[in-house]
file data_23.cif (mmCIF, C-alpha atoms, pLDDT in the B column; chains and numbers go by the auth columns)
data_coords
#
loop_
_atom_site.group_PDB
_atom_site.id
_atom_site.type_symbol
_atom_site.label_atom_id
_atom_site.label_comp_id
_atom_site.label_asym_id
_atom_site.label_seq_id
_atom_site.Cartn_x
_atom_site.Cartn_y
_atom_site.Cartn_z
_atom_site.B_iso_or_equiv
_atom_site.auth_seq_id
_atom_site.auth_asym_id
ATOM 1 C CA MET A 1 16.445 -5.316 43.248 48.00 25 A
ATOM 2 C CA LYS A 2 14.157 -7.274 40.884 48.00 26 A
ATOM 3 C CA LYS A 3 11.755 -4.324 40.767 50.00 27 A
ATOM 4 C CA LEU A 4 14.606 -1.955 39.884 41.00 28 A
ATOM 5 C CA LEU A 5 15.842 -4.250 37.104 40.00 29 A
ATOM 6 C CA SER A 6 12.309 -4.652 35.783 49.00 30 A
ATOM 7 C CA LEU A 7 11.799 -0.895 35.766 45.00 31 A
ATOM 8 C CA MET A 8 15.130 -0.360 34.002 45.00 32 A
ATOM 9 C CA PHE A 9 14.177 -2.969 31.392 44.00 33 A
ATOM 10 C CA VAL A 10 10.827 -1.298 30.755 46.00 34 A
ATOM 11 C CA VAL A 11 12.419 2.141 30.439 46.00 35 A
ATOM 12 C CA LEU A 12 15.162 0.885 28.113 46.00 36 A
ATOM 13 C CA PHE A 13 12.795 -1.238 26.023 50.00 37 A
ATOM 14 C CA ALA A 14 10.212 1.532 25.707 47.00 38 A
ATOM 15 C CA GLY A 15 12.884 4.055 24.807 44.00 39 A
ATOM 16 C CA ALA A 16 14.294 1.789 22.120 43.00 40 A
ATOM 17 C CA THR A 17 10.963 1.044 20.478 45.00 41 A
ATOM 18 C CA MET A 18 9.109 4.350 20.668 48.00 42 A
ATOM 19 C CA ALA A 19 9.759 6.908 17.975 50.00 43 A
ATOM 20 C CA PRO A 20 9.878 10.489 19.140 57.00 44 A
ATOM 21 C CA ALA A 21 6.545 12.187 18.639 70.00 45 A
ATOM 22 C CA ALA A 22 6.552 14.984 16.102 78.00 46 A
ATOM 23 C CA SER A 23 5.914 18.490 17.311 91.00 47 A
ATOM 24 C CA ALA A 24 2.499 20.044 16.902 93.00 48 A
ATOM 25 C CA GLU A 25 3.975 22.400 14.297 95.00 49 A
ATOM 26 C CA ARG A 26 5.359 19.505 12.229 95.00 50 A
ATOM 27 C CA ARG A 27 2.021 17.694 12.505 96.00 51 A
ATOM 28 C CA ALA A 28 0.251 20.829 11.230 96.00 52 A
ATOM 29 C CA LEU A 29 2.716 21.100 8.341 97.00 53 A
ATOM 30 C CA ALA A 30 2.244 17.413 7.551 96.00 54 A
ATOM 31 C CA GLU A 31 -1.522 17.817 7.499 97.00 55 A
ATOM 32 C CA LYS A 32 -1.172 20.813 5.173 97.00 56 A
ATOM 33 C CA LEU A 33 1.039 18.711 2.867 96.00 57 A
ATOM 34 C CA LEU A 34 -1.429 15.823 2.831 96.00 58 A
ATOM 35 C CA ASP A 35 -4.207 18.284 1.973 95.00 59 A
ATOM 36 C CA ALA A 36 -2.096 19.736 -0.861 96.00 60 A
ATOM 37 C CA MET A 37 -1.448 16.180 -2.084 93.00 61 A
ATOM 38 C CA ASP A 38 -5.207 15.566 -1.949 91.00 62 A
ATOM 39 C CA MET A 39 -4.320 12.321 -0.185 91.00 63 A
ATOM 40 C CA LYS A 40 -7.932 11.366 0.496 90.00 64 A
ATOM 41 C CA LEU A 41 -8.740 11.371 -3.224 87.00 65 A
ATOM 42 C CA VAL A 42 -5.437 9.654 -4.077 80.00 66 A
ATOM 43 C CA ILE A 43 -6.213 6.806 -1.673 83.00 67 A
ATOM 44 C CA GLU A 44 -9.770 6.432 -2.948 83.00 68 A
ATOM 45 C CA ASN A 45 -8.700 6.508 -6.608 79.00 69 A
ATOM 46 C CA THR A 46 -5.821 4.122 -6.022 76.00 70 A
ATOM 47 C CA PHE A 47 -8.086 1.543 -4.401 76.00 71 A
ATOM 48 C CA GLY A 48 -10.529 1.943 -7.275 76.00 72 A
ATOM 49 C CA SER A 49 -7.769 1.418 -9.854 72.00 73 A
ATOM 50 C CA VAL A 50 -6.366 -1.581 -8.018 73.00 74 A
ATOM 51 C CA LYS A 51 -9.826 -3.140 -7.714 74.00 75 A
ATOM 52 C CA GLU A 52 -10.440 -2.640 -11.437 76.00 76 A
ATOM 53 C CA SER A 53 -7.047 -4.028 -12.365 73.00 77 A
ATOM 54 C CA VAL A 54 -7.404 -7.115 -10.165 72.00 78 A
ATOM 55 C CA ALA A 55 -10.856 -7.832 -11.601 70.00 79 A
ATOM 56 C CA MET A 56 -9.455 -7.533 -15.128 73.00 80 A
ATOM 57 C CA GLN A 57 -6.578 -9.840 -14.217 72.00 81 A
ATOM 58 C CA MET A 58 -9.003 -12.421 -12.792 68.00 82 A
ATOM 59 C CA ALA A 59 -11.003 -12.377 -16.006 68.00 83 A
ATOM 60 C CA THR A 60 -8.030 -12.606 -18.371 71.00 84 A
ATOM 61 C CA GLN A 61 -5.501 -14.713 -16.444 70.00 85 A
ATOM 62 C CA SER A 62 -7.627 -17.363 -14.792 71.00 86 A
ATOM 63 C CA PRO A 63 -6.540 -20.979 -15.313 76.00 87 A
ATOM 64 C CA PRO A 64 -7.889 -22.460 -18.552 76.00 88 A
ATOM 65 C CA SER A 65 -9.719 -25.102 -16.521 79.00 89 A
ATOM 66 C CA ALA A 66 -11.697 -22.469 -14.579 78.00 90 A
ATOM 67 C CA SER A 67 -15.347 -22.287 -15.466 82.00 91 A
ATOM 68 C CA PRO A 68 -17.075 -18.942 -16.062 83.00 92 A
ATOM 69 C CA LYS A 69 -18.914 -19.496 -12.771 86.00 93 A
ATOM 70 C CA GLU A 70 -15.602 -20.009 -10.912 82.00 94 A
ATOM 71 C CA ILE A 71 -14.090 -16.921 -12.525 78.00 95 A
ATOM 72 C CA GLU A 72 -17.145 -14.859 -11.580 82.00 96 A
ATOM 73 C CA ALA A 73 -17.037 -16.193 -8.000 83.00 97 A
ATOM 74 C CA GLY A 74 -13.327 -15.347 -7.784 81.00 98 A
ATOM 75 C CA THR A 75 -13.976 -11.848 -9.102 79.00 99 A
ATOM 76 C CA ARG A 76 -16.779 -11.322 -6.561 84.00 100 A
ATOM 77 C CA THR A 77 -14.517 -12.572 -3.751 85.00 101 A
ATOM 78 C CA ILE A 78 -11.706 -10.234 -4.765 82.00 102 A
ATOM 79 C CA SER A 79 -14.193 -7.366 -5.029 80.00 103 A
ATOM 80 C CA LYS A 80 -15.498 -8.006 -1.516 87.00 104 A
ATOM 81 C CA MET A 81 -11.941 -8.262 -0.159 86.00 105 A
ATOM 82 C CA MET A 82 -11.002 -4.973 -1.831 83.00 106 A
ATOM 83 C CA ASP A 83 -14.135 -3.319 -0.408 84.00 107 A
ATOM 84 C CA LEU A 84 -13.158 -4.535 3.066 89.00 108 A
ATOM 85 C CA MET A 85 -9.590 -3.279 2.644 86.00 109 A
ATOM 86 C CA SER A 86 -10.800 0.014 1.210 84.00 110 A
ATOM 87 C CA GLU A 87 -13.038 0.566 4.232 87.00 111 A
ATOM 88 C CA ALA A 88 -10.376 -0.441 6.754 88.00 112 A
ATOM 89 C CA MET A 89 -7.770 1.735 5.048 86.00 113 A
ATOM 90 C CA SER A 90 -10.014 4.704 4.324 88.00 114 A
ATOM 91 C CA TRP A 91 -8.734 8.233 4.715 91.00 115 A
ATOM 92 C CA ASP A 92 -11.045 8.884 7.635 92.00 116 A
ATOM 93 C CA LYS A 93 -9.579 5.931 9.538 93.00 117 A
ATOM 94 C CA LEU A 94 -5.928 6.530 8.646 93.00 118 A
ATOM 95 C CA LYS A 95 -5.652 10.323 8.457 96.00 119 A
ATOM 96 C CA ASP A 96 -4.048 10.706 11.891 96.00 120 A
ATOM 97 C CA ASP A 97 -1.624 7.876 11.123 95.00 121 A
ATOM 98 C CA TYR A 98 -0.645 9.522 7.836 95.00 122 A
ATOM 99 C CA ILE A 99 -0.114 12.848 9.576 96.00 123 A
ATOM 100 C CA ALA A 100 2.135 11.185 12.168 96.00 124 A
ATOM 101 C CA LEU A 101 4.024 9.269 9.468 96.00 125 A
ATOM 102 C CA TYR A 102 4.752 12.361 7.389 96.00 126 A
ATOM 103 C CA ALA A 103 5.516 14.523 10.443 97.00 127 A
ATOM 104 C CA GLU A 104 8.000 11.944 11.741 97.00 128 A
ATOM 105 C CA THR A 105 9.574 11.281 8.341 97.00 129 A
ATOM 106 C CA PHE A 106 10.110 14.809 7.034 97.00 130 A
ATOM 107 C CA ASN A 107 11.560 17.830 8.789 97.00 131 A
ATOM 108 C CA GLU A 108 9.830 21.214 8.702 96.00 132 A
ATOM 109 C CA GLU A 109 11.820 22.495 5.735 97.00 133 A
ATOM 110 C CA GLU A 110 11.025 19.374 3.702 97.00 134 A
ATOM 111 C CA LEU A 111 7.329 19.538 4.601 98.00 135 A
ATOM 112 C CA LYS A 112 7.176 23.174 3.471 98.00 136 A
ATOM 113 C CA ALA A 113 8.998 22.426 0.188 98.00 137 A
ATOM 114 C CA LEU A 114 6.793 19.418 -0.558 98.00 138 A
ATOM 115 C CA THR A 115 3.674 21.452 0.179 98.00 139 A
ATOM 116 C CA ALA A 116 4.891 24.146 -2.215 98.00 140 A
ATOM 117 C CA PHE A 117 5.422 21.522 -4.929 97.00 141 A
ATOM 118 C CA TYR A 118 2.035 19.827 -4.460 96.00 142 A
ATOM 119 C CA SER A 119 0.349 23.250 -4.410 97.00 143 A
ATOM 120 C CA SER A 120 1.993 24.130 -7.734 97.00 144 A
ATOM 121 C CA GLU A 121 0.548 23.400 -11.163 97.00 145 A
ATOM 122 C CA ALA A 122 3.031 20.540 -11.679 97.00 146 A
ATOM 123 C CA GLY A 123 2.222 19.083 -8.260 95.00 147 A
ATOM 124 C CA ARG A 124 -1.514 19.202 -8.905 94.00 148 A
ATOM 125 C CA ALA A 125 -0.953 17.526 -12.297 94.00 149 A
ATOM 126 C CA TYR A 126 1.126 14.826 -10.621 92.00 150 A
ATOM 127 C CA THR A 127 -1.585 14.206 -8.022 88.00 151 A
ATOM 128 C CA ALA A 128 -4.304 14.072 -10.670 86.00 152 A
ATOM 129 C CA LYS A 129 -2.346 11.617 -12.829 88.00 153 A
ATOM 130 C CA GLN A 130 -1.050 9.387 -10.026 83.00 154 A
ATOM 131 C CA PRO A 131 -3.989 6.921 -10.067 78.00 155 A
ATOM 132 C CA GLU A 132 -3.567 6.444 -13.826 84.00 156 A
ATOM 133 C CA LEU A 133 0.177 5.926 -13.369 87.00 157 A
ATOM 134 C CA THR A 134 -0.523 3.362 -10.659 80.00 158 A
ATOM 135 C CA ARG A 135 -3.050 1.511 -12.818 80.00 159 A
ATOM 136 C CA ARG A 136 -0.782 1.473 -15.862 89.00 160 A
ATOM 137 C CA SER A 137 2.277 0.401 -13.872 89.00 161 A
ATOM 138 C CA MET A 138 0.264 -2.490 -12.406 82.00 162 A
ATOM 139 C CA GLU A 139 -0.797 -3.528 -15.918 86.00 163 A
ATOM 140 C CA MET A 140 2.829 -3.349 -17.033 92.00 164 A
ATOM 141 C CA SER A 141 3.917 -5.525 -14.097 88.00 165 A
ATOM 142 C CA GLN A 142 1.134 -8.020 -14.824 84.00 166 A
ATOM 143 C CA ARG A 143 2.285 -8.341 -18.444 89.00 167 A
ATOM 144 C CA VAL A 144 5.847 -9.057 -17.311 91.00 168 A
ATOM 145 C CA ILE A 145 4.648 -11.609 -14.757 88.00 169 A
ATOM 146 C CA ALA A 146 2.347 -13.250 -17.323 86.00 170 A
ATOM 147 C CA LYS A 147 5.343 -13.770 -19.637 91.00 171 A
ATOM 148 C CA MET A 148 7.249 -15.332 -16.725 89.00 172 A
ATOM 149 C CA MET A 149 4.434 -17.706 -15.699 87.00 173 A
ATOM 150 C CA PRO A 150 5.812 -20.754 -17.531 88.00 174 A
ATOM 151 C CA GLN A 151 9.132 -20.280 -15.731 90.00 175 A
ATOM 152 C CA ILE A 152 7.406 -19.675 -12.395 85.00 176 A
ATOM 153 C CA GLN A 153 5.296 -22.803 -12.853 86.00 177 A
ATOM 154 C CA ALA A 154 8.389 -24.824 -13.794 87.00 178 A
ATOM 155 C CA ILE A 155 10.162 -23.648 -10.622 89.00 179 A
ATOM 156 C CA ALA A 156 7.120 -24.547 -8.531 85.00 180 A
ATOM 157 C CA GLU A 157 6.903 -27.995 -10.146 86.00 181 A
ATOM 158 C CA GLU A 158 10.647 -28.581 -9.617 88.00 182 A
ATOM 159 C CA THR A 159 10.343 -27.628 -5.960 87.00 183 A
ATOM 160 C CA VAL A 160 7.398 -29.955 -5.424 86.00 184 A
ATOM 161 C CA ALA A 161 9.230 -32.777 -7.200 86.00 185 A
ATOM 162 C CA GLU A 162 12.340 -32.183 -5.050 84.00 186 A
ATOM 163 C CA ASP A 163 10.230 -32.206 -1.899 82.00 187 A
ATOM 164 C CA ASP A 164 8.477 -35.395 -2.994 84.00 188 A
ATOM 165 C CA SER A 165 11.786 -37.117 -3.737 85.00 189 A
ATOM 166 C CA GLN A 166 13.110 -36.275 -0.257 84.00 190 A
ATOM 167 C CA LYS A 167 10.198 -37.968 1.505 74.00 191 A
#

call {"tool": "encode", "arguments": {"input": "data_23.cif", "output": "structure tokens"}}
result
Amino acid sequence: MKKLLSLMFVVLFAGATMAPAASAERRALAEKLLDAMDMKLVIENTFGSVKESVAMQMATQSPPSASPKEIEAGTRTISKMMDLMSEAMSWDKLKDDYIALYAETFNEEELKALTAFYSSEAGRAYTAKQPELTRRSMEMSQRVIAKMMPQIQAIAEETVAEDDSQK
């Protein structure tokens, strides 16, 4: 009886957690879409833009007490971390995962329509400009956050003071 219950549990648990695999045709359509999106280049360019943006942020938004040597060390650390992430999340390593993701997320009709868009002149323009949009939107977000820093610091200080008073 225990074996039967265990087997039932495994079957039910596995069925609840496993997403249905996409058909070979949907996987092929997803791969065609990702090719039309030039996803490999998008990923590479996005990581490059993010790395550049983070380095710029380190240089311009470091604490006033940070020495040039500390800022440079922080920038090098971030650069190495981004290189590690870029390698781990490279197209070659994630291509099959992306194909599965798109094949499981979109139906055949959607995959075909998206491929048509990304193969069009407007779609190619969107793909080419996406890294710049990403970089500029990150800069915009950083400016907003920089303006909020005094408030964020005040909240952090209040929280620490509250915690200290409760001890």

call {"tool": "resolve_selection", "arguments": {"input": "data_23.cif", "expression": "the PyMOL selection byres ((chain A and resi 64-81) around 7)", "output": "compact mmCIF listing (two decimals) with C-alpha atoms, in the frame of the given file"}}
result
# COMPACT_ATOMS: atom_id res chain seq x y z
CA ASP A 62 -5.21 15.57 -1.95
CA MET A 63 -4.32 12.32 -0.18
CA MET A 82 -9.00 -12.42 -12.79
CA ALA A 83 -11.00 -12.38 -16.01
CA THR A 84 -8.03 -12.61 -18.37
CA GLN A 85 -5.50 -14.71 -16.44
CA THR A 99 -13.98 -11.85 -9.10
CA SER A 103 -14.19 -7.37 -5.03
CA MET A 106 -11.00 -4.97 -1.83
CA SER A 110 -10.80 0.01 1.21
CA TRP A 115 -8.73 8.23 4.72
CA PRO A 155 -3.99 6.92 -10.07
CA ARG A 159 -3.05 1.51 -12.82

call {"tool": "resolve_selection", "arguments": {"input": "data_23.cif", "expression": "the PyMOL selection byres ((chain A and resi 134-149) around 10)", "output": "list of chain:residue names"}}
result
A:Arg50, A:Arg51, A:Ala52, A:Leu53, A:Ala54, A:Glu55, A:Lys56, A:Leu57, A:Leu58, A:Asp59, A:Ala60, A:Met61, A:Asp62, A:Tyr126, A:Ala127, A:Thr129, A:Phe130, A:Asn131, A:Glu132, A:Glu133, A:Tyr150, A:Thr151, A:Ala152, A:Lys153, A:Gln154

call {"tool": "closest_residue", "arguments": {"input": "data_23.cif", "among": "A:Glu94, A:Glu111, A:Asp121, A:Glu128", "to": "Ala48 (chain A)", "atoms": "all atoms listed in the file"}}
result
A:Glu128

call {"tool": "atom_distance", "arguments": {"input": "data_23.cif", "atom1": "CA of Met113 (chain A)", "atom2": "CA of Leu125 (chain A)"}}
result
14.7 Å

call {"tool": "axis_aligned_box", "arguments": {"input": "data_23.cif", "around": "region 148-162 of chain A", "padding_each_side": "6 Å", "output": "AutoDock Vina command-line options"}}
result
--center_x -1.0 --center_y 8.4 --center_z -11.9 --size_x 18.6 --size_y 33.7 --size_z 19.8

call {"tool": "atom_distance", "arguments": {"input": "data_23.cif", "atom1": "CA of Lys119 (chain A)", "atom2": "CA of Ala46 (chain A)"}}
result
15.1 Å

call {"tool": "atom_distance", "arguments": {"input": "data_23.cif", "atom1": "CA of Glu156 (chain A)", "atom2": "CA of Met105 (chain A)"}}
result
21.8 Å
